[in-house]
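structure_7.pdb (PDB, C-alpha atoms and all ligand atoms) appears below.
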ATOM      1  CA  MET Z 834      -7.797-141.267-176.022
ATOM      2  CA  LYS Z 835     -10.684-143.616-176.523
ATOM      3  CA  LEU Z 836     -14.094-142.082-176.539
ATOM      4  CA  ALA Z 837     -14.906-144.966-174.207
ATOM      5  CA  TYR Z 838     -13.071-143.094-171.453
ATOM      6  CA  GLY Z 839     -16.342-141.266-171.153
ATOM      7  CA  LEU Z 840     -15.228-137.963-172.507
ATOM      8  CA  SER Z 841     -17.417-135.051-171.657
ATOM      9  CA  LEU Z 842     -18.451-133.727-174.988
ATOM     10  CA  LEU Z 843     -18.617-130.104-174.026
ATOM     11  CA  SER Z 844     -18.185-128.458-177.314
ATOM     12  CA  ILE Z 845     -19.321-130.321-180.349
ATOM     13  CA  LEU Z 846     -19.113-127.997-183.271
ATOM     14  CA  ILE Z 847     -20.753-129.162-186.414
ATOM     15  CA  ALA Z 848     -19.139-126.719-188.768
ATOM     16  CA  PRO Z 849     -19.227-127.044-192.552
ATOM     17  CA  TYR Z 850     -16.323-129.483-192.273
ATOM     18  CA  HIS Z 851     -17.827-131.573-189.459
ATOM     19  CA  ALA Z 852     -15.565-130.069-186.820
ATOM     20  CA  LEU Z 853     -15.598-131.935-183.546
ATOM     21  CA  GLN Z 854     -13.841-130.692-180.440
ATOM     22  CA  VAL Z 855     -13.490-132.945-177.461
ATOM     23  CA  PRO Z 856     -11.927-131.742-174.219
ATOM     24  CA  MET Z 857     -10.370-134.810-172.623
ATOM     25  CA  ARG Z 858     -11.213-135.695-169.063
ATOM     26  CA  PRO Z 859      -8.029-137.141-167.518
ATOM     27  CA  ASP Z 860      -9.908-138.834-164.648
ATOM     28  CA  ASP Z 861     -13.334-138.991-163.100
ATOM     29  CA  ALA Z 862     -12.614-136.451-160.392
ATOM     30  CA  SER Z 863     -11.990-133.807-162.991
ATOM     31  CA  GLN Z 864     -15.481-133.833-164.431
ATOM     32  CA  ALA Z 865     -16.545-130.819-162.404
ATOM     33  CA  ILE Z 866     -13.612-128.769-163.649
ATOM     34  CA  TYR Z 867     -14.302-129.542-167.267
ATOM     35  CA  ALA Z 868     -17.950-128.753-166.845
ATOM     36  CA  SER Z 869     -17.139-125.374-165.332
ATOM     37  CA  PRO Z 870     -18.066-122.297-167.336
ATOM     38  CA  HIS Z 871     -14.407-121.272-167.500
ATOM     39  CA  ASN Z 872     -13.458-124.314-169.512
ATOM     40  CA  ALA Z 873     -16.707-124.512-171.371
ATOM     41  CA  GLN Z 874     -16.226-121.133-172.975
ATOM     42  CA  GLY Z 875     -12.433-120.896-172.984
ATOM     43  CA  THR Z 876     -11.743-123.811-175.285
ATOM     44  CA  LEU Z 877      -8.114-124.396-176.154
ATOM     45  CA  ILE Z 878      -8.753-124.634-179.859
ATOM     46  CA  SER Z 879      -9.672-121.100-180.772
ATOM     47  CA  GLU Z 880     -11.792-119.971-183.659
ATOM     48  CA  ARG Z 881      -8.656-118.625-185.269
ATOM     49  CA  THR Z 882      -6.969-122.017-185.027
ATOM     50  CA  GLU Z 883     -10.032-123.642-186.515
ATOM     51  CA  GLY Z 884      -9.910-121.191-189.382
ATOM     52  CA  TYR Z 885      -6.282-122.119-189.942
ATOM     53  CA  VAL Z 886      -7.133-125.826-189.913
ATOM     54  CA  HIS Z 887      -9.695-125.245-192.632
ATOM     55  CA  THR Z 888      -7.221-123.338-194.799
ATOM     56  CA  LEU Z 889      -4.796-126.266-194.405
ATOM     57  CA  LEU Z 890      -7.414-128.802-195.437
ATOM     58  CA  GLU Z 891      -8.116-126.739-198.494
ATOM     59  CA  LYS Z 892      -4.505-125.974-199.348
ATOM     60  CA  TRP Z 893      -3.500-129.655-199.225
ATOM     61  CA  ASN Z 894      -6.777-130.946-200.623
ATOM     62  CA  SER Z 895      -6.913-133.102-197.523
ATOM     63  CA  SER Z 896      -9.990-135.110-196.618
ATOM     64  CA  GLY Z 897      -9.518-134.733-192.886
ATOM     65  CA  LEU Z 898      -7.230-134.143-189.950
ATOM     66  CA  SER Z 899      -7.246-134.138-186.194
ATOM     67  CA  VAL Z 900      -5.323-132.014-183.708
ATOM     68  CA  ALA Z 901      -4.508-132.239-180.017
ATOM     69  CA  VAL Z 902      -3.755-129.228-177.861
ATOM     70  CA  VAL Z 903      -2.215-129.528-174.405
ATOM     71  CA  ARG Z 904      -1.801-126.522-172.160
ATOM     72  CA  LYS Z 905      -0.404-126.144-168.672
ATOM     73  CA  ASP Z 906      -3.111-124.888-166.326
ATOM     74  CA  VAL Z 907      -2.733-124.914-162.554
ATOM     75  CA  THR Z 908      -6.495-124.901-162.098
ATOM     76  CA  ALA Z 909      -6.893-128.195-164.005
ATOM     77  CA  PRO Z 910      -6.934-131.398-161.935
ATOM     78  CA  ASN Z 911      -3.545-132.698-163.011
ATOM     79  CA  GLY Z 912      -2.096-129.369-164.026
ATOM     80  CA  TRP Z 913      -2.864-129.761-167.718
ATOM     81  CA  ARG Z 914      -5.756-129.150-170.026
ATOM     82  CA  HIS Z 915      -6.252-131.190-173.181
ATOM     83  CA  GLU Z 916      -8.480-130.735-176.114
ATOM     84  CA  PHE Z 917      -8.872-132.600-179.371
ATOM     85  CA  GLY Z 918     -10.274-131.393-182.626
ATOM     86  CA  ALA Z 919     -11.268-133.468-185.620
ATOM     87  CA  TYR Z 920     -12.100-132.023-189.025
ATOM     88  CA  GLY Z 921     -13.295-133.368-192.323
ATOM     89  CA  VAL Z 922     -14.015-136.850-193.484
ATOM     90  CA  ALA Z 923     -12.317-140.069-192.330
ATOM     91  CA  LYS Z 924     -13.531-142.642-194.828
ATOM     92  CA  ALA Z 925     -14.837-142.963-198.350
ATOM     93  CA  ASP Z 926     -18.321-143.564-196.918
ATOM     94  CA  GLY Z 927     -18.229-139.991-195.654
ATOM     95  CA  SER Z 928     -17.957-140.804-191.954
ATOM     96  CA  PRO Z 929     -16.440-137.855-190.112
ATOM     97  CA  MET Z 930     -13.025-137.691-188.498
ATOM     98  CA  THR Z 931     -12.974-138.211-184.737
ATOM     99  CA  PRO Z 932     -10.147-137.734-182.229
ATOM    100  CA  ASP Z 933      -9.717-141.528-182.415
ATOM    101  CA  SER Z 934      -9.259-141.702-186.185
ATOM    102  CA  VAL Z 935      -6.075-143.579-186.966
ATOM    103  CA  PHE Z 936      -3.395-142.184-189.296
ATOM    104  CA  ALA Z 937      -0.186-143.584-190.695
ATOM    105  CA  ILE Z 938       2.399-141.898-188.467
ATOM    106  CA  ALA Z 939       4.999-141.441-191.231
ATOM    107  CA  SER Z 940       7.778-139.037-190.266
ATOM    108  CA  ASN Z 941       5.843-137.681-187.300
ATOM    109  CA  SER Z 942       7.760-140.463-185.556
ATOM    110  CA  LYS Z 943      10.759-138.125-185.889
ATOM    111  CA  LEU Z 944       9.209-135.847-183.263
ATOM    112  CA  PHE Z 945       9.168-138.718-180.790
ATOM    113  CA  LEU Z 946      12.725-139.649-181.706
ATOM    114  CA  ALA Z 947      13.936-136.078-181.154
ATOM    115  CA  PHE Z 948      12.080-136.025-177.849
ATOM    116  CA  SER Z 949      13.679-139.298-176.757
ATOM    117  CA  VAL Z 950      17.144-137.983-177.612
ATOM    118  CA  GLY Z 951      16.234-134.996-175.420
ATOM    119  CA  LEU Z 952      15.472-137.405-172.573
ATOM    120  CA  LEU Z 953      18.975-138.827-172.903
ATOM    121  CA  VAL Z 954      20.477-135.327-172.997
ATOM    122  CA  SER Z 955      18.639-134.336-169.813
ATOM    123  CA  ASN Z 956      19.245-137.631-167.981
ATOM    124  CA  LYS Z 957      21.363-136.760-164.906
ATOM    125  CA  THR Z 958      21.597-140.380-163.763
ATOM    126  CA  LEU Z 959      23.019-141.384-167.096
ATOM    127  CA  ALA Z 960      25.483-138.477-167.042
ATOM    128  CA  LYS Z 961      26.682-139.581-163.613
ATOM    129  CA  GLU Z 962      27.038-143.198-164.742
ATOM    130  CA  ARG Z 963      29.053-142.218-167.787
ATOM    131  CA  GLY Z 964      30.998-139.542-165.954
ATOM    132  CA  LYS Z 965      30.071-137.262-168.836
ATOM    133  CA  GLU Z 966      26.947-135.464-169.981
ATOM    134  CA  ILE Z 967      25.354-136.145-173.309
ATOM    135  CA  LYS Z 968      24.771-132.853-175.101
ATOM    136  CA  TRP Z 969      23.141-131.866-178.353
ATOM    137  CA  SER Z 970      26.682-131.117-179.509
ATOM    138  CA  THR Z 971      27.999-134.562-178.530
ATOM    139  CA  LYS Z 972      29.611-136.355-181.452
ATOM    140  CA  ILE Z 973      27.785-139.501-182.487
ATOM    141  CA  LYS Z 974      31.136-141.226-182.942
ATOM    142  CA  GLU Z 975      31.629-141.076-179.163
ATOM    143  CA  LEU Z 976      28.390-142.946-178.555
ATOM    144  CA  ILE Z 977      27.941-145.585-181.240
ATOM    145  CA  PRO Z 978      30.768-148.056-181.891
ATOM    146  CA  GLU Z 979      29.352-149.064-185.290
ATOM    147  CA  TRP Z 980      29.436-145.450-186.542
ATOM    148  CA  GLY Z 981      31.609-144.618-189.495
ATOM    149  CA  LEU Z 982      31.370-142.338-192.534
ATOM    150  CA  MET Z 983      33.403-142.203-195.715
ATOM    151  CA  ASP Z 984      34.311-138.540-195.246
ATOM    152  CA  GLU Z 985      36.720-138.046-192.379
ATOM    153  CA  ASP Z 986      35.433-134.639-191.263
ATOM    154  CA  MET Z 987      31.881-135.899-191.225
ATOM    155  CA  ASP Z 988      32.845-139.119-189.537
ATOM    156  CA  ARG Z 989      34.493-137.289-186.660
ATOM    157  CA  GLY Z 990      32.380-134.141-186.566
ATOM    158  CA  VAL Z 991      28.717-135.111-186.862
ATOM    159  CA  THR Z 992      26.766-134.268-183.700
ATOM    160  CA  LEU Z 993      23.347-135.332-182.444
ATOM    161  CA  GLN Z 994      22.042-131.924-183.477
ATOM    162  CA  ASP Z 995      23.460-132.268-187.002
ATOM    163  CA  MET Z 996      21.643-135.559-187.443
ATOM    164  CA  LEU Z 997      18.355-134.225-186.117
ATOM    165  CA  SER Z 998      18.727-131.116-188.314
ATOM    166  CA  HIS Z 999      19.501-132.987-191.548
ATOM    167  CA  ARG Z1000      22.812-131.193-192.037
ATOM    168  CA  THR Z1001      25.373-133.997-191.950
ATOM    169  CA  GLY Z1002      26.216-133.806-195.668
ATOM    170  CA  MET Z1003      24.614-137.188-196.365
ATOM    171  CA  PRO Z1004      21.787-137.433-198.901
ATOM    172  CA  ARG Z1005      18.864-139.772-198.280
ATOM    173  CA  HIS Z1006      20.284-143.115-199.426
ATOM    174  CA  ASP Z1007      16.921-144.549-198.431
ATOM    175  CA  PHE Z1008      17.493-147.883-200.154
ATOM    176  CA  SER Z1009      20.154-148.544-197.558
ATOM    177  CA  GLY Z1010      17.458-148.467-194.888
ATOM    178  CA  VAL Z1011      16.096-151.874-195.827
ATOM    179  CA  GLN Z1012      15.426-154.348-193.055
ATOM    180  CA  ARG Z1013      18.531-156.335-192.269
ATOM    181  CA  GLU Z1014      19.227-159.457-190.297
ATOM    182  CA  GLY Z1015      21.656-157.529-188.143
ATOM    183  CA  GLY Z1016      19.087-154.795-187.489
ATOM    184  CA  ILE Z1017      19.984-151.163-186.962
ATOM    185  CA  SER Z1018      23.459-152.043-185.811
ATOM    186  CA  GLU Z1019      24.181-153.538-189.235
ATOM    187  CA  MET Z1020      22.646-150.579-191.058
ATOM    188  CA  ILE Z1021      24.868-148.187-189.106
ATOM    189  CA  SER Z1022      27.986-150.181-189.868
ATOM    190  CA  THR Z1023      27.298-149.850-193.593
ATOM    191  CA  LEU Z1024      26.931-146.035-193.557
ATOM    192  CA  ARG Z1025      30.658-145.794-194.288
ATOM    193  CA  TYR Z1026      30.060-147.136-197.808
ATOM    194  CA  LEU Z1027      27.587-144.392-198.747
ATOM    195  CA  ARG Z1028      28.794-141.307-200.569
ATOM    196  CA  PRO Z1029      28.108-137.870-199.119
ATOM    197  CA  SER Z1030      26.717-135.256-201.503
ATOM    198  CA  ALA Z1031      27.638-132.105-199.592
ATOM    199  CA  GLU Z1032      30.069-131.039-196.936
ATOM    200  CA  HIS Z1033      29.324-131.304-193.271
ATOM    201  CA  ARG Z1034      26.831-128.510-192.330
ATOM    202  CA  GLU Z1035      26.837-127.143-195.882
ATOM    203  CA  THR Z1036      23.158-127.645-196.562
ATOM    204  CA  PHE Z1037      19.889-129.237-195.487
ATOM    205  CA  GLN Z1038      19.470-132.770-196.833
ATOM    206  CA  TYR Z1039      16.640-134.844-195.471
ATOM    207  CA  ASN Z1040      18.004-138.086-194.138
ATOM    208  CA  ASN Z1041      16.024-140.920-192.569
ATOM    209  CA  LEU Z1042      19.079-143.071-191.879
ATOM    210  CA  MET Z1043      20.425-140.539-189.385
ATOM    211  CA  TYR Z1044      17.194-140.746-187.407
ATOM    212  CA  GLU Z1045      17.332-144.508-187.549
ATOM    213  CA  THR Z1046      20.880-144.327-186.243
ATOM    214  CA  LEU Z1047      19.769-142.165-183.308
ATOM    215  CA  SER Z1048      17.051-144.685-182.489
ATOM    216  CA  TYR Z1049      19.870-147.047-181.575
ATOM    217  CA  LEU Z1050      21.018-144.834-178.694
ATOM    218  CA  PRO Z1051      18.753-146.245-175.951
ATOM    219  CA  GLN Z1052      20.064-149.707-176.773
ATOM    220  CA  VAL Z1053      23.679-148.570-176.609
ATOM    221  CA  LEU Z1054      23.395-146.245-173.611
ATOM    222  CA  LEU Z1055      20.648-147.755-171.473
ATOM    223  CA  ASN Z1056      20.611-151.335-172.710
ATOM    224  CA  GLN Z1057      16.918-150.773-173.519
TER     225      GLN Z1057
HETATM  226  C1  LIG Z1101      -8.600-133.542-204.252
HETATM  227  O1  LIG Z1101      -8.809-134.829-203.718
HETATM  228  C2  LIG Z1101      -9.840-135.571-204.333
HETATM  229  C3  LIG Z1101      -9.958-136.912-203.651
HETATM  230  O2  LIG Z1101      -9.906-136.788-202.269
HETATM  231  C4  LIG Z1101      -9.553-135.759-205.817
HETATM  232  O3  LIG Z1101     -10.635-136.402-206.444
HETATM  233  C5  LIG Z1101      -9.286-134.412-206.462
HETATM  234  O4  LIG Z1101      -8.878-134.606-207.790
HETATM  235  C6  LIG Z1101      -8.236-133.645-205.705
HETATM  236  N1  LIG Z1101      -8.063-132.303-206.288
HETATM  237  C7  LIG Z1101      -6.875-131.807-206.593
HETATM  238  C8  LIG Z1101      -6.878-130.422-207.138
HETATM  239  O5  LIG Z1101      -5.844-132.427-206.439
HETATM  240  C1  LIG Z1102      18.111-142.363-167.385
HETATM  241  O1  LIG Z1102      19.249-143.161-167.219
HETATM  242  C2  LIG Z1102      19.068-144.208-166.289
HETATM  243  C3  LIG Z1102      20.424-144.839-166.012
HETATM  244  O2  LIG Z1102      21.080-145.249-167.167
HETATM  245  C4  LIG Z1102      18.053-145.168-166.834
HETATM  246  O3  LIG Z1102      17.850-146.250-165.951
HETATM  247  C5  LIG Z1102      16.735-144.442-167.041
HETATM  248  O4  LIG Z1102      15.799-145.289-167.661
HETATM  249  C6  LIG Z1102      16.962-143.205-167.918
HETATM  250  N1  LIG Z1102      15.749-142.405-167.968
HETATM  251  C7  LIG Z1102      15.215-141.990-169.126
HETATM  252  C8  LIG Z1102      13.973-141.188-169.008
HETATM  253  O5  LIG Z1102      15.711-142.241-170.193
END
What is this structure when it is put down as structure tokens?
Amino acid sequence: MKLAYGLSLLSILIAPYHALQVPMRPDDASQAIYASPHNAQGTLISERTEGYVHTLLEKWNSSGLSVAVVRKDVTAPNGWRHEFGAYGVAKADGSPMTPDSVFAIASNSKLFLAFSVGLLVSNKTLAKERGKEIKWSTKIKELIPEWGLMDEDMDRGVTLQDMLSHRTGMPRHDFSGVQREGGISEMISTLRYLRPSAEHRETFQYNNLMYETLSYLPQVLLNQ
């Protein structure tokens, strides 16, 4: 997403918040398409979306943000259209946000984790190898040997979906997520010493350790 790709800057909007919209050109051959009137006027990031972005900046007293929109479009060169928007200020010196501004990813990494679990769920080759599909309702105990929880129902019952939905019954216990010599495997094997604070599926309790546990799946299932 480097500007150096030679993005065609079709729609640069200098709005009160320094809005910048950059339709991405996936390859050189696509230049003509992106320069076409259709794409020039029909930008993916609508005025309404922009308005919403500005209300968010205000609501959170945020200095800046950037967004990416991807839409399937059979008329686009590779079947997809992309557009980036950048709003507000990136640095204390007042320089504006760009689509290349770097952010701390924080828990947005959870989106990628959930997506990667989805890849395992939809992996037919893997299902054939194991002789069994992995489903959202698959119990984590069936997949990870190190798994164990203090509460028997939770230990046996927790599914991939429960973990992704923060409804296992476990509270955060974030201090248990410290880096360990034995890595994630060691962290998982100590989950059994942590007290639950609700019953399985009783309530929503944000839990990073469950996501960390799921990040171990590729290693266990694909040796990757
Ligand atoms: C908004 O953020 C600025 C710094 O970016 C800060 O000086 C100001 O106090 C904040 N306002 C509120 C209401 O939090
Ligand atoms: C699907 O599973 C196969 C076989 O285990 C593996 O080689 C491949 O990398 C997996 N694909 C994805 C997208 O995870």
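Residue membership of the PyMOL selection byres (((chain Z and resi 999) around 7) and not hetatm) in the shown file amounts to Asp995, Met996, Leu997, Ser998, Arg1000, Thr1001, Phe1037, Gln1038, Tyr1039 and Asn1040 of chain Z.
Distances to ligand LIG 1102 (chain Z) were evaluated for Z:Ile967, Z:Ile1017, Z:Leu1024, Z:Val935 using only C-alpha atoms and all ligand atoms, and the minimum falls at Z:Ile967.
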* Test item: the PyMOL selection byres (((chain Z and resi 1007-1013) around 9) and not hetatm) resolved as an MDAnalysis selection string -> chainID Z and resid 1004:1006 1014:1017 1019:1020 1023:1024 1027 1040:1042 1045
* Give me the result of the PyMOL selection byres (((not hetatm)) within 12 of (chain Z and resi 1101)) on this file, residue by residue, as number ranges by chain. => Z: 890-897, 921-925, 927
* Counting only C-alpha atoms and all ligand atoms, name the residues that have an atom within 8 Å of an atom of ligand LIG 1102 (chain Z); the answer should be given as a PyMOL selection string. => chain Z and resi 949+952-953+956-960+962+1051+1054-1055
Take the residues from that selection and put them in a file with C-alpha atoms, as a PDB file, in the frame of the given file.
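File part-v3.pdb, as written:
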ATOM      1  CA  SER Z 949      13.679-139.298-176.757  1.00  0.00           C
ATOM      2  CA  LEU Z 952      15.472-137.405-172.573  1.00  0.00           C
ATOM      3  CA  LEU Z 953      18.975-138.827-172.903  1.00  0.00           C
ATOM      4  CA  ASN Z 956      19.245-137.631-167.981  1.00  0.00           C
ATOM      5  CA  LYS Z 957      21.363-136.760-164.906  1.00  0.00           C
ATOM      6  CA  THR Z 958      21.597-140.380-163.763  1.00  0.00           C
ATOM      7  CA  LEU Z 959      23.019-141.384-167.096  1.00  0.00           C
ATOM      8  CA  ALA Z 960      25.483-138.477-167.042  1.00  0.00           C
ATOM      9  CA  GLU Z 962      27.038-143.198-164.742  1.00  0.00           C
ATOM     10  CA  PRO Z1051      18.753-146.245-175.951  1.00  0.00           C
ATOM     11  CA  LEU Z1054      23.395-146.245-173.611  1.00  0.00           C
ATOM     12  CA  LEU Z1055      20.648-147.755-171.473  1.00  0.00           C
TER      13      LEU Z1055
END
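Coordinates place atom CA of Z:Met1043 at a distance of 10.2 Å from atom CA of Z:Val991.
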* Asked: Hey, can you check how far atom CA of Z:Thr1046 sits from atom CA of Z:Asp988?
  ->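 Value for the atom CA of Z:Thr1046-atom CA of Z:Asp988 distance: 13.5 Å.
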* May I ask for the distance between atom CA of Z:Ser928 and atom CA of Z:Ser942, given in Å to one decimal place? =>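 Taking atom CA of Z:Ser928 as the start and atom CA of Z:Ser942 as the end point, the length is 26.5 Å.
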* To do: Considering only C-alpha atoms, return as an MDAnalysis selection string whatever protein or nucleic-acid residues lie within 10 Å of Z:Leu976, sequence-local ones (same chain, fewer than 4 positions apart) excluded.
  => chainID Z and resid 967 971:972 980 993 1047 1049:1050 1053:1054
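Using all atoms listed in the file, the residues found no farther than 9 Å from Z:Tyr1026, other than those of its own chain fewer than 3 positions away, are Gly981, Leu982, Met983, Ser1022 and Thr1023 of chain Z.
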